[in-house]
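Chemist: One structure coming up, written as structure tokens, with questions to follow.
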Number of protein chains: 6
Amino acid sequence: MRIYVINPNTTASMTATIAAAARHVAAPGTEIIDMTSGAGAVSIECHYDEAMSIVGLAQAVKNANLIEEQRGNREGIATGRDHAFVIACFGDPGLLAVRELTAAPVLGIAEAAMHAASFLATGFSVVTTLGRTRVIAEHLVRNYGMEHHCRRVRAIDLPVLELDNPASGARARILAECETALREDNSAAIVLGCAGMADLVAFLSENLGVPVIDGVTAAVKFAEALVGLNLGTSKKGDLAFPLFKPYKGSLTDFAPRHV
Amino acid sequence: MRIYVINPNTTASMTATIAAAARHVAAPGTEIIDMTSGAGAVSIECHYDEAMSIVGLAQAVKNANLIEEQRGNREGIATGRDHAFVIACFGDPGLLAVRELTAAPVLGIAEAAMHAASFLATGFSVVTTLGRTRVIAEHLVRNYGMEHHCRRVRAIDLPVLELDNPASGARARILAECETALREDNSAAIVLGCAGMADLVAFLSENLGVPVIDGVTAAVKFAEALVGLNLGTSKKGDLAFPLFKPYKGSLTDFAPRHV
Amino acid sequence: MRIYVINPNTTASMTATIAAAARHVAAPGTEIIDMTSGAGAVSIECHYDEAMSIVGLAQAVKNANLIEEQRGNREGIATGRDHAFVIACFGDPGLLAVRELTAAPVLGIAEAAMHAASFLATGFSVVTTLGRTRVIAEHLVRNYGMEHHCRRVRAIDLPVLELDNPASGARARILAECETALREDNSAAIVLGCAGMADLVAFLSENLGVPVIDGVTAAVKFAEALVGLNLGTSKKGDLAFPLFKPYKGSLTDFAPRHV
Amino acid sequence: MRIYVINPNTTASMTATIAAAARHVAAPGTEIIDMTSGAGAVSIECHYDEAMSIVGLAQAVKNANLIEEQRGNREGIATGRDHAFVIACFGDPGLLAVRELTAAPVLGIAEAAMHAASFLATGFSVVTTLGRTRVIAEHLVRNYGMEHHCRRVRAIDLPVLELDNPASGARARILAECETALREDNSAAIVLGCAGMADLVAFLSENLGVPVIDGVTAAVKFAEALVGLNLGTSKKGDLAFPLFKPYKGSLTDFAPRHV
Amino acid sequence: MRIYVINPNTTASMTATIAAAARHVAAPGTEIIDMTSGAGAVSIECHYDEAMSIVGLAQAVKNANLIEEQRGNREGIATGRDHAFVIACFGDPGLLAVRELTAAPVLGIAEAAMHAASFLATGFSVVTTLGRTRVIAEHLVRNYGMEHHCRRVRAIDLPVLELDNPASGARARILAECETALREDNSAAIVLGCAGMADLVAFLSENLGVPVIDGVTAAVKFAEALVGLNLGTSKKGDLAFPLFKPYKGSLTDFAPRHV
Amino acid sequence: MRIYVINPNTTASMTATIAAAARHVAAPGTEIIDMTSGAGAVSIECHYDEAMSIVGLAQAVKNANLIEEQRGNREGIATGRDHAFVIACFGDPGLLAVRELTAAPVLGIAEAAMHAASFLATGFSVVTTLGRTRVIAEHLVRNYGMEHHCRRVRAIDLPVLELDNPASGARARILAECETALREDNSAAIVLGCAGMADLVAFLSENLGVPVIDGVTAAVKFAEALVGLNLGTSKKGDLAFPLFKPYKGSLTDFAPRHV
């Protein structure tokens, strides 16, 4: 099976971190096809960055369908078999829109991480980057029915791209915030609130002694699970393929088509 | 004051209906500046159509800021004074993203209609077009805390653009669905679930004898109210202007800038 | 149009503060008719003070109807056109009861302030007077579906009538509590929790740099909006005019009558 | 102990029905002191009737305190010992206000009935009189945290005072509605939604074969329970005695006083 | 009437404390029959201890039925008359299972305490023993619809059996935690979070000046109330007697039988 | 890795159905070790059957640990590596208790199925066997935060063991109920509400054209996912191993021990 791991921001180095984490956990028969958004923000840190990422996401799905066709899985595009999508940004941008575009399973990394955490602990905390993104995560918590499991969303107040800057002290600050979370929130697990933290799981879980869940890897494994169950996005109701209709202006090419 | 009423779809005839309704209720000192999205779907009927509308919405805000500058309200762009935005699609697409882009008040029409309805009745029903959009409305109901007021979201199962087609029987079907709602849902008011229904308020309220709330007009009046109170979108926290950062690809021009 | 701004307590000086704020924001065509309750507590600071204020509120609605008749709007009494009511106490006492008594729109100031705040920020804090009234505000938060928007209700622990006493230091304490709210609650807007704070908006918003929402002015503008939309309280269901029936004892004159 | 069972409407014959039911279940040491409101509606069937009933309720508490003094329980007025109050109207009007006025336990009959039902079944239905009062009951369901237990509020659409009119067919209609509730709502118990139904418990439970809970009798027994536990209304926080302050106009005598 | 107060742990000395508290509040005609679980943990302090207590609980119900038969109340076993059950562990283990096994009322002590507290205060705090049991109490808070009333669950972090050890300082620690709760949680009543605290009510309520609610005594009085109302567990739906069927292995004797 | 799939009822033929389904989806490196409860009900159809199943579940975990030791994974017992547990009954009996007993991941099949469904559709319906078990499923829906995703729990009103009886018409009735669900509930996926339906997935999904999710297979794949992520049950807080303490009577051997 192929799992398309789409980084909705346009920073290729971050895609590399994400892809490495994804490949590290992928099962033998799983091919990770990583994609970097071709349009939009170099990092996604607000509602606007998120909303604009839909353009790159839609293009990525189109590209993925081309690849599926090349791999001889034209039928799978309609049935959703043998492939899946992961949206590798903790805001899960465009999740329901992307689900409409494909019959394959689609997982957001916040969604995957929170659900995984709820299997392992009755309470968890999210630790994310910029403070202003906490509200985005809190909205997801409610959308996913995680109000009772997620005890608090915390931020280290560093921009996303500082995660890769050793001088930022990001690792130490994340660890400290996780420790505070375990002490003060009555939480028993940590959800990492940014795709760029995917390489910190081992470091943090060793130091914290509780499950530390990264959404990228969780989403890859849940995607494998769904493909293994022959389950894809329901094409009945609001997640059915978009109705065919004209799109105008710079988005003409993005009009829904027969898949 | 100026109220920018943005139709997030690209069908100008629908903008005309919307703008007429807006102007009909606008106060003497209010200028309605209607805008039709320059990019995207001719009608918005699913998660994907909605998500893609952000491009046109962002462009519209940029255009509005240019107009404000021409009107000598350069300072108002930073402070949010003397103008406001209405997103005239019942899915309230891009609402929080657009709020980030401006210091002026921004209202979604579903938001405005539901809040207005909650001032007039303890229970209301939404009547919308396509059945698949009910889920979108139900998500908004939860986001806005309207679970207790909104007793049901109903659909007449006609595409948005059929509203303007006399042969579709849309008016009669909407009326019939409203009557069913009042009879079966224990509702005492009707919220119209599509910007394209803005011209049906008089017809329906006369026939139904209960408040019939159209979001376009409700949003215009609430926008006037907020401007009149000198209140604009909070620029603290998650709705602050987006951080400046590069955008790549086809969206390069959409990178956040100093306003 | 006429907006009847009813102070449900019996302190005329507080009505003066409220009326001044109301007139300050009223649109050219709006006449603010302020009314002070003729019966009950000099300040409303507990469930009992609130409950008892219904007598003065009911009398005020009767008086308002007389004025409407004098103004030649007898028909408007039945249809709700051209006038509206504002209940100017942050507990929104008697809100649904007053709605039953009239076909015009009725707004509580807590209701108006919270809804306005939800249009401007994803999270707000309420700052009120006495600590014991926090529970009243928290109940309103739930009734209005504002649990996700209202992050905390805070109190400065001063009686309502001390707001007018310069020696009380009320202004400084309110400012300090607002600052704490913005720092600790992850809030981006402030809702003032008492009608008597209506004159503090300018002072506070200048110092805080975020939207500061007073319910009196918000309710006046939303009332104008609803009247402008020709919308009034639904007379179907639980908000229909009360059934005619005898009232006994000291309340004989308060029996529901044909309006 | 003495339990003051206050009928908040002014119809003495309904008080007689209520008092008979109360005495039927009272324990040997319990004296039921029934009181009919001296002011207000002959039946309580809407928000306004409810709100106005506070006057009679407040007077009844004052009268009860006089009786307690006559019985030599002056200390009990301050400590809440040896007596309790039941508000015998299914809307539980003035519940929190009355709680402020006394240190004794105060129970609403809707509150008592719903809590009792939740001890006996995982799901119950409420069957009440007029359709418009359903909304009042639904608000109580939320206030009491009964959303998961109360599966539906139903009405037979007869006025309260028709319960005593044999020609109304009330008994048969209530029985039929209960049967429908058990069949359609997945409920396993019935809560009677009106104090005037207190005499129907035996008839209905025999015919239905499930617990049928009348709030008057449930409240009396729970009041006995709380008095037996030496527990009264907390006098800390929002339910403390009202602050002393002047009341004006026709309510001068209702100003809070030292008890 | 007989109330079977079952201690689901196997420590007889704790049963003695519980039984003494129960008898202290029982009405003249009430016989308290205390039972100590014959199988399982000496103290219940985690999900597993709780789950395993069902064996002892089921045996206790069987034993209780034998006693009822001896007392000549064979018919009462089927109808639920004249007796009731109290599960005296704050986790309310096996509550719904035990309800299936009998037609009599069954009360959990957490359930009884929380409901009683909600009658006396708009907000209460729970103070329990081990920190890890807080999650159990929080789940009950949600199951019972007490999210709005219960403001916080607190723990003194002492094992249950240390409550009887004077050297543990348990009394002082509980008092201190209660004081913190009243100061920080905006609570006006205390719910004791362990059956073993039943003897502390007088000490704590004297020192705190607010209602202190012990679940054992509250459950006994509510059980008396329900028996006095001739109400028992509904035998319709999910709480009907278990279907007859074979049980295998060590639990053969626990197969549901005709009662 | 090894996945212990425990059938909490004592009917071996049902275990065979379950195990076949589990093996059908297991990845190459996964060994399915099926276990039938050694004690308790032949089918689990009520709260009591569920509660009693904890004995067999606890024994199964002990047996599993012995097997892990035999496989040389003694360390894995403490760390939770390389194995996982599935509780194969739709009521997810003993879920949190079993999680305490092991450091490995533990999945309930209702939990797994509902979470999987929420990845594939915005709304799903559950179709289960006996009507009385609907309440059990509804409680799980709330515990798992699935209130917004699960639109209805439906039952075919057949006992669990009739699923294997061709004469019962179970297949046809399940199909019919699923069709009704899709038509009436606004659902776009079906969750099968019984472990004994695991063999119906292909039949139903072919006929229905929407995702049909069986919990057994979903739980197996999610368990593989978690093991593949090196994630196990958090041993901090309420899911830590039970405190060591004596157990008495017939459960002496079930006292928590060093693992």
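Residues in the structure tokens are numbered from 1 in each chain, the chains being A, B, ... in the order shown, and ligands are numbered from 1 in the order shown.
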Contacts of F:Asn65 at 9 Å or less, counting only C-alpha atoms, minus same-chain residues fewer than 3 places along, as a list in words?

Modeler: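 The residues that qualify are Ala60, Val61, Lys62, Glu68, Glu69, Gln70, Asn73, Arg74, Ile77, Thr102 and Val259 of chain F.
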
Chemist: Could the residues in this selection be saved with C-alpha atoms as a CSV table (one decimal), in the first residue's frame?

Modeler:
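What follows is the written file part-v4.csv:
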chain,number,residue,atom,x,y,z
F,60,ALA,CA,-7.0,-14.2,30.6
F,61,VAL,CA,-4.5,-11.4,31.3
F,62,LYS,CA,-2.7,-13.6,33.8
F,68,GLU,CA,4.6,-13.8,27.1
F,69,GLU,CA,7.1,-15.2,29.6
F,70,GLN,CA,7.3,-18.4,27.7
F,73,ASN,CA,9.2,-11.4,26.6
F,74,ARG,CA,9.3,-11.1,30.4
F,77,ILE,CA,5.3,-7.5,30.4
F,102,THR,CA,-0.9,-4.5,31.8
F,259,VAL,CA,4.1,-8.5,37.0

Chemist: Could you write out chain F as a short mmCIF file (atom, residue, chain, number, x, y, z; two decimals) with C-alpha atoms, in the first residue's frame once it has been least-squares superposed on chain C using every ordered C-alpha pair?

Modeler:
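Final file, result-v2.cif:
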data_model
loop_
_atom_site.label_atom_id
_atom_site.label_comp_id
_atom_site.auth_asym_id
_atom_site.auth_seq_id
_atom_site.Cartn_x
_atom_site.Cartn_y
_atom_site.Cartn_z
CA MET F 1 -37.88 53.44 16.54
CA ARG F 2 -38.03 53.44 20.30
CA ILE F 3 -35.87 51.31 22.53
CA TYR F 4 -37.08 50.92 26.06
CA VAL F 5 -34.03 50.51 28.24
CA ILE F 6 -35.26 49.23 31.57
CA ASN F 7 -33.09 49.35 34.64
CA PRO F 8 -34.54 46.54 36.75
CA ASN F 9 -33.21 48.02 39.94
CA THR F 10 -34.71 51.08 41.59
CA THR F 11 -31.70 53.38 41.66
CA ALA F 12 -32.31 56.29 39.30
CA SER F 13 -28.70 57.44 39.24
CA MET F 14 -27.70 54.10 37.81
CA THR F 15 -30.39 54.45 35.18
CA ALA F 16 -28.83 57.78 34.25
CA THR F 17 -25.46 56.13 33.63
CA ILE F 18 -27.14 53.44 31.59
CA ALA F 19 -29.25 55.85 29.56
CA ALA F 20 -26.28 58.06 28.76
CA ALA F 21 -24.37 55.09 27.43
CA ALA F 22 -27.37 53.96 25.43
CA ARG F 23 -27.93 57.38 23.88
CA HIS F 24 -24.25 57.69 23.07
CA VAL F 25 -24.43 54.78 20.64
CA ALA F 26 -28.01 55.06 19.42
CA ALA F 27 -28.50 55.68 15.70
CA PRO F 28 -30.08 58.93 14.55
CA GLY F 29 -33.60 57.51 14.25
CA THR F 30 -33.54 55.75 17.60
CA GLU F 31 -35.21 57.17 20.66
CA ILE F 32 -33.92 55.76 23.93
CA ILE F 33 -36.68 55.68 26.53
CA ASP F 34 -35.10 54.84 29.84
CA MET F 35 -37.13 53.41 32.67
CA THR F 36 -36.26 52.75 36.28
CA SER F 37 -38.00 49.91 38.01
CA GLY F 38 -40.71 51.16 40.35
CA ALA F 39 -40.47 48.21 42.71
CA GLY F 40 -37.71 46.18 44.24
CA ALA F 41 -34.04 46.28 45.10
CA VAL F 42 -31.78 49.32 44.85
CA SER F 43 -29.19 47.02 43.36
CA ILE F 44 -29.42 43.49 42.00
CA GLU F 45 -26.80 41.23 43.47
CA CYS F 46 -28.32 37.82 44.08
CA HIS F 47 -30.89 35.35 42.80
CA TYR F 48 -33.56 36.87 45.04
CA ASP F 49 -32.96 40.48 43.96
CA GLU F 50 -33.19 39.24 40.41
CA ALA F 51 -36.32 37.21 40.82
CA MET F 52 -38.17 40.07 42.53
CA SER F 53 -37.29 42.46 39.72
CA ILE F 54 -39.92 40.83 37.54
CA VAL F 55 -42.60 43.03 39.12
CA GLY F 56 -40.93 46.24 38.02
CA LEU F 57 -40.13 44.76 34.63
CA ALA F 58 -43.72 43.74 33.98
CA GLN F 59 -44.90 47.20 34.99
CA ALA F 60 -42.34 48.76 32.68
CA VAL F 61 -43.58 46.74 29.72
CA LYS F 62 -47.13 47.89 30.46
CA ASN F 63 -45.95 51.47 30.61
CA ALA F 64 -44.05 51.05 27.39
CA ASN F 65 -47.15 49.76 25.68
CA LEU F 66 -49.02 52.85 26.81
CA ILE F 67 -46.32 55.01 25.30
CA GLU F 68 -46.43 53.04 22.06
CA GLU F 69 -50.16 53.63 21.95
CA GLN F 70 -49.62 57.34 22.50
CA ARG F 71 -47.11 57.33 19.66
CA GLY F 72 -49.75 55.82 17.39
CA ASN F 73 -48.10 52.41 17.23
CA ARG F 74 -51.01 50.40 18.63
CA GLU F 75 -50.59 47.91 15.84
CA GLY F 76 -46.91 47.65 16.61
CA ILE F 77 -47.75 46.34 20.06
CA ALA F 78 -49.26 43.27 18.45
CA THR F 79 -46.72 42.94 15.66
CA GLY F 80 -43.63 44.05 17.52
CA ARG F 81 -42.67 46.63 14.93
CA ASP F 82 -40.71 49.81 15.57
CA HIS F 83 -39.75 49.26 19.15
CA ALA F 84 -37.69 46.98 21.33
CA PHE F 85 -36.74 46.31 24.93
CA VAL F 86 -33.42 46.11 26.71
CA ILE F 87 -33.19 44.63 30.20
CA ALA F 88 -30.25 46.50 31.67
CA CYS F 89 -28.98 44.20 34.40
CA PHE F 90 -26.23 41.68 33.72
CA GLY F 91 -28.22 38.80 35.19
CA ASP F 92 -30.78 39.24 32.39
CA PRO F 93 -33.62 38.87 34.92
CA GLY F 94 -37.01 37.90 33.60
CA LEU F 95 -35.74 37.67 30.03
CA LEU F 96 -38.06 34.94 28.79
CA ALA F 97 -40.99 36.28 30.79
CA VAL F 98 -40.63 39.73 29.27
CA ARG F 99 -40.33 38.14 25.84
CA GLU F 100 -43.72 36.57 26.38
CA LEU F 101 -45.23 39.96 27.19
CA THR F 102 -44.32 41.58 23.90
CA ALA F 103 -43.99 40.92 20.19
CA ALA F 104 -41.06 43.31 20.01
CA PRO F 105 -37.47 42.13 20.33
CA VAL F 106 -36.15 41.90 23.90
CA LEU F 107 -32.46 41.76 24.69
CA GLY F 108 -30.68 41.09 27.93
CA ILE F 109 -27.40 42.91 28.33
CA ALA F 110 -25.44 39.81 29.32
CA GLU F 111 -26.85 38.04 26.31
CA ALA F 112 -25.99 40.92 23.98
CA ALA F 113 -22.50 41.37 25.37
CA MET F 114 -21.59 37.71 25.22
CA HIS F 115 -22.89 37.28 21.69
CA ALA F 116 -21.05 40.40 20.56
CA ALA F 117 -17.86 39.17 22.18
CA SER F 118 -18.17 35.85 20.37
CA PHE F 119 -18.15 37.78 17.08
CA LEU F 120 -14.85 39.44 17.94
CA ALA F 121 -12.77 36.85 19.74
CA THR F 122 -12.66 33.09 20.18
CA GLY F 123 -12.33 33.56 23.93
CA PHE F 124 -13.45 36.25 26.38
CA SER F 125 -13.60 36.80 30.13
CA VAL F 126 -16.40 38.40 32.11
CA VAL F 127 -15.46 40.85 34.86
CA THR F 128 -18.26 41.54 37.30
CA THR F 129 -18.80 43.11 40.73
CA LEU F 130 -19.66 40.87 43.69
CA GLY F 131 -18.20 37.38 43.79
CA ARG F 132 -21.53 35.76 44.55
CA THR F 133 -22.97 36.93 41.24
CA ARG F 134 -20.41 34.91 39.31
CA VAL F 135 -22.65 31.87 39.57
CA ILE F 136 -25.50 33.82 37.99
CA ALA F 137 -23.27 34.78 35.08
CA GLU F 138 -21.99 31.23 34.73
CA HIS F 139 -25.56 29.98 34.42
CA LEU F 140 -26.19 32.51 31.66
CA VAL F 141 -23.02 31.40 29.90
CA ARG F 142 -24.49 27.92 29.71
CA ASN F 143 -27.97 29.06 28.76
CA TYR F 144 -26.55 31.06 25.87
CA GLY F 145 -24.23 28.30 24.67
CA MET F 146 -21.15 30.37 25.48
CA GLU F 147 -19.23 27.68 27.39
CA HIS F 148 -16.56 27.53 24.71
CA HIS F 149 -16.22 31.26 24.24
CA CYS F 150 -16.39 32.41 27.85
CA ARG F 151 -13.18 31.29 29.48
CA ARG F 152 -13.83 32.62 32.95
CA VAL F 153 -16.12 34.82 35.03
CA ARG F 154 -14.20 37.05 37.40
CA ALA F 155 -15.31 39.42 40.15
CA ILE F 156 -13.75 42.42 41.86
CA ASP F 157 -15.79 41.79 45.01
CA LEU F 158 -17.28 45.24 45.28
CA PRO F 159 -21.03 45.91 45.62
CA VAL F 160 -22.73 47.32 42.52
CA LEU F 161 -23.43 50.70 44.07
CA GLU F 162 -19.76 51.20 44.90
CA LEU F 163 -19.07 51.58 41.17
CA ASP F 164 -20.19 55.18 41.49
CA ASN F 165 -18.17 55.83 44.61
CA PRO F 166 -14.76 57.28 43.63
CA ALA F 167 -13.38 56.26 47.00
CA SER F 168 -14.02 52.61 46.24
CA GLY F 169 -11.20 52.38 43.76
CA ALA F 170 -13.55 50.46 41.51
CA ARG F 171 -12.04 51.68 38.24
CA ALA F 172 -8.54 50.61 39.17
CA ARG F 173 -9.71 47.27 40.49
CA ILE F 174 -11.70 46.56 37.34
CA LEU F 175 -8.72 47.46 35.18
CA ALA F 176 -6.46 45.21 37.22
CA GLU F 177 -8.90 42.31 37.03
CA CYS F 178 -9.19 42.76 33.25
CA GLU F 179 -5.43 42.66 32.91
CA THR F 180 -5.27 39.49 34.95
CA ALA F 181 -7.98 37.99 32.77
CA LEU F 182 -6.09 38.71 29.57
CA ARG F 183 -2.91 37.30 31.03
CA GLU F 184 -4.26 34.16 32.68
CA ASP F 185 -7.45 33.13 30.88
CA ASN F 186 -6.22 32.97 27.29
CA SER F 187 -8.94 35.56 26.56
CA ALA F 188 -8.83 38.19 23.87
CA ALA F 189 -11.83 40.34 24.86
CA ILE F 190 -13.52 41.56 28.02
CA VAL F 191 -17.23 41.52 28.78
CA LEU F 192 -18.23 43.96 31.50
CA GLY F 193 -20.46 42.14 33.96
CA CYS F 194 -22.64 44.97 35.26
CA ALA F 195 -24.85 47.63 33.71
CA GLY F 196 -23.21 50.14 36.01
CA MET F 197 -19.91 49.71 34.18
CA ALA F 198 -21.32 51.11 30.94
CA ASP F 199 -19.30 54.29 31.29
CA LEU F 200 -15.96 52.49 31.61
CA VAL F 201 -15.65 51.17 28.08
CA ALA F 202 -13.45 53.92 26.69
CA PHE F 203 -11.16 53.96 29.72
CA LEU F 204 -10.72 50.20 29.72
CA SER F 205 -10.37 49.60 26.01
CA GLU F 206 -7.71 52.30 25.73
CA ASN F 207 -5.73 50.68 28.52
CA LEU F 208 -6.24 47.09 27.50
CA GLY F 209 -5.98 47.22 23.72
CA VAL F 210 -8.66 44.57 23.23
CA PRO F 211 -12.39 44.79 22.64
CA VAL F 212 -14.22 45.73 25.83
CA ILE F 213 -17.91 45.02 25.52
CA ASP F 214 -20.58 46.66 27.60
CA GLY F 215 -23.93 44.95 27.44
CA VAL F 216 -26.10 48.06 27.54
CA THR F 217 -24.68 49.52 24.38
CA ALA F 218 -24.41 46.13 22.69
CA ALA F 219 -28.05 45.42 23.46
CA VAL F 220 -29.16 48.79 22.11
CA LYS F 221 -27.35 48.22 18.81
CA PHE F 222 -28.60 44.64 18.47
CA ALA F 223 -32.11 45.85 19.24
CA GLU F 224 -31.78 48.44 16.47
CA ALA F 225 -30.58 45.66 14.20
CA LEU F 226 -33.56 43.43 14.89
CA VAL F 227 -36.07 46.26 14.53
CA GLY F 228 -34.33 47.20 11.30
CA LEU F 229 -34.86 43.63 10.11
CA ASN F 230 -38.55 43.77 11.03
CA LEU F 231 -37.93 40.88 13.39
CA GLY F 232 -39.62 40.49 16.74
CA THR F 233 -40.10 37.85 19.42
CA SER F 234 -41.75 34.74 18.03
CA LYS F 235 -45.34 34.49 19.16
CA LYS F 236 -45.46 30.76 18.49
CA GLY F 237 -44.69 28.26 21.24
CA ASP F 238 -43.34 29.08 24.65
CA LEU F 239 -42.84 32.79 23.95
CA ALA F 240 -46.42 33.39 22.77
CA PHE F 241 -48.35 35.95 24.80
CA PRO F 242 -49.33 34.46 28.19
CA LEU F 243 -52.73 32.81 28.32
CA PHE F 244 -55.37 35.08 29.80
CA LYS F 245 -56.18 34.05 33.32
CA PRO F 246 -56.92 35.66 36.68
CA TYR F 247 -54.10 36.76 38.95
CA LYS F 248 -54.91 37.13 42.63
CA GLY F 249 -53.84 39.21 45.61
CA SER F 250 -51.41 42.07 45.21
CA LEU F 251 -50.69 40.98 41.63
CA THR F 252 -54.27 41.14 40.35
CA ASP F 253 -53.38 43.96 37.99
CA PHE F 254 -50.58 41.91 36.48
CA ALA F 255 -52.86 39.31 34.94
CA PRO F 256 -52.16 38.89 31.22
CA ARG F 257 -54.50 40.97 29.07
CA HIS F 258 -55.16 41.51 25.43
CA VAL F 259 -52.35 43.75 24.27
#

Chemist: If you run DSSP on the backbone, which residues of stretch 44-209 of chain E are strand (DSSP E or B), as a PyMOL selection string?

Modeler: chain E and resi 83-87+106-108+124-128+150-155+190-192

Chemist: Using backbone DSSP assignments, extract all helix (DSSP H, G or I) residues from stretch 74-116 of chain F; output them as a ChimeraX atom specification.

Modeler: /F:74-79,95-101,109-116

Chemist: Given the selection you just returned, output its residues as a file containing N, CA and C atoms, formatted as a short mmCIF file (atom, residue, chain, number, x, y, z; two decimals), in the first residue's frame.

Modeler:
data_model
loop_
_atom_site.label_atom_id
_atom_site.label_comp_id
_atom_site.auth_asym_id
_atom_site.auth_seq_id
_atom_site.Cartn_x
_atom_site.Cartn_y
_atom_site.Cartn_z
N ARG F 74 9.56 -11.49 28.98
CA ARG F 74 9.32 -11.11 30.37
C ARG F 74 9.44 -9.60 30.54
N GLU F 75 10.41 -9.03 29.88
CA GLU F 75 10.57 -7.58 30.02
C GLU F 75 9.37 -6.85 29.41
N GLY F 76 8.87 -7.43 28.33
CA GLY F 76 7.73 -6.80 27.67
C GLY F 76 6.50 -6.71 28.56
N ILE F 77 6.41 -7.62 29.54
CA ILE F 77 5.26 -7.54 30.44
C ILE F 77 5.29 -6.23 31.22
N ALA F 78 6.48 -5.82 31.60
CA ALA F 78 6.61 -4.57 32.35
C ALA F 78 6.55 -3.35 31.44
N THR F 79 7.08 -3.49 30.24
CA THR F 79 7.16 -2.33 29.35
C THR F 79 6.00 -2.26 28.36
N LEU F 95 -12.74 -2.53 30.54
CA LEU F 95 -11.67 -1.94 29.72
C LEU F 95 -10.61 -1.25 30.57
N LEU F 96 -11.03 -0.37 31.47
CA LEU F 96 -10.04 0.36 32.25
C LEU F 96 -9.36 -0.53 33.29
N ALA F 97 -10.11 -1.51 33.78
CA ALA F 97 -9.50 -2.46 34.73
C ALA F 97 -8.40 -3.28 34.05
N VAL F 98 -8.69 -3.77 32.87
CA VAL F 98 -7.67 -4.55 32.15
C VAL F 98 -6.48 -3.66 31.80
N ARG F 99 -6.75 -2.41 31.46
CA ARG F 99 -5.63 -1.50 31.18
C ARG F 99 -4.71 -1.35 32.39
N GLU F 100 -5.28 -1.37 33.57
CA GLU F 100 -4.43 -1.30 34.76
C GLU F 100 -3.52 -2.51 34.89
N LEU F 101 -4.02 -3.66 34.42
CA LEU F 101 -3.30 -4.92 34.65
C LEU F 101 -2.11 -5.12 33.72
N ILE F 109 -13.58 -3.41 21.53
CA ILE F 109 -14.00 -3.43 20.12
C ILE F 109 -15.00 -2.33 19.81
N ALA F 110 -15.80 -1.93 20.78
CA ALA F 110 -16.70 -0.80 20.52
C ALA F 110 -15.86 0.46 20.33
N GLU F 111 -14.93 0.63 21.22
CA GLU F 111 -14.01 1.77 21.13
C GLU F 111 -13.32 1.81 19.76
N ALA F 112 -12.74 0.70 19.36
CA ALA F 112 -12.00 0.67 18.09
C ALA F 112 -12.94 0.96 16.92
N ALA F 113 -14.11 0.35 16.94
CA ALA F 113 -15.03 0.51 15.81
C ALA F 113 -15.52 1.95 15.72
N MET F 114 -15.86 2.53 16.84
CA MET F 114 -16.38 3.90 16.79
C MET F 114 -15.29 4.88 16.35
N HIS F 115 -14.09 4.71 16.87
CA HIS F 115 -13.02 5.61 16.46
C HIS F 115 -12.73 5.44 14.97
N ALA F 116 -12.69 4.20 14.50
CA ALA F 116 -12.45 3.99 13.07
C ALA F 116 -13.55 4.65 12.24
#
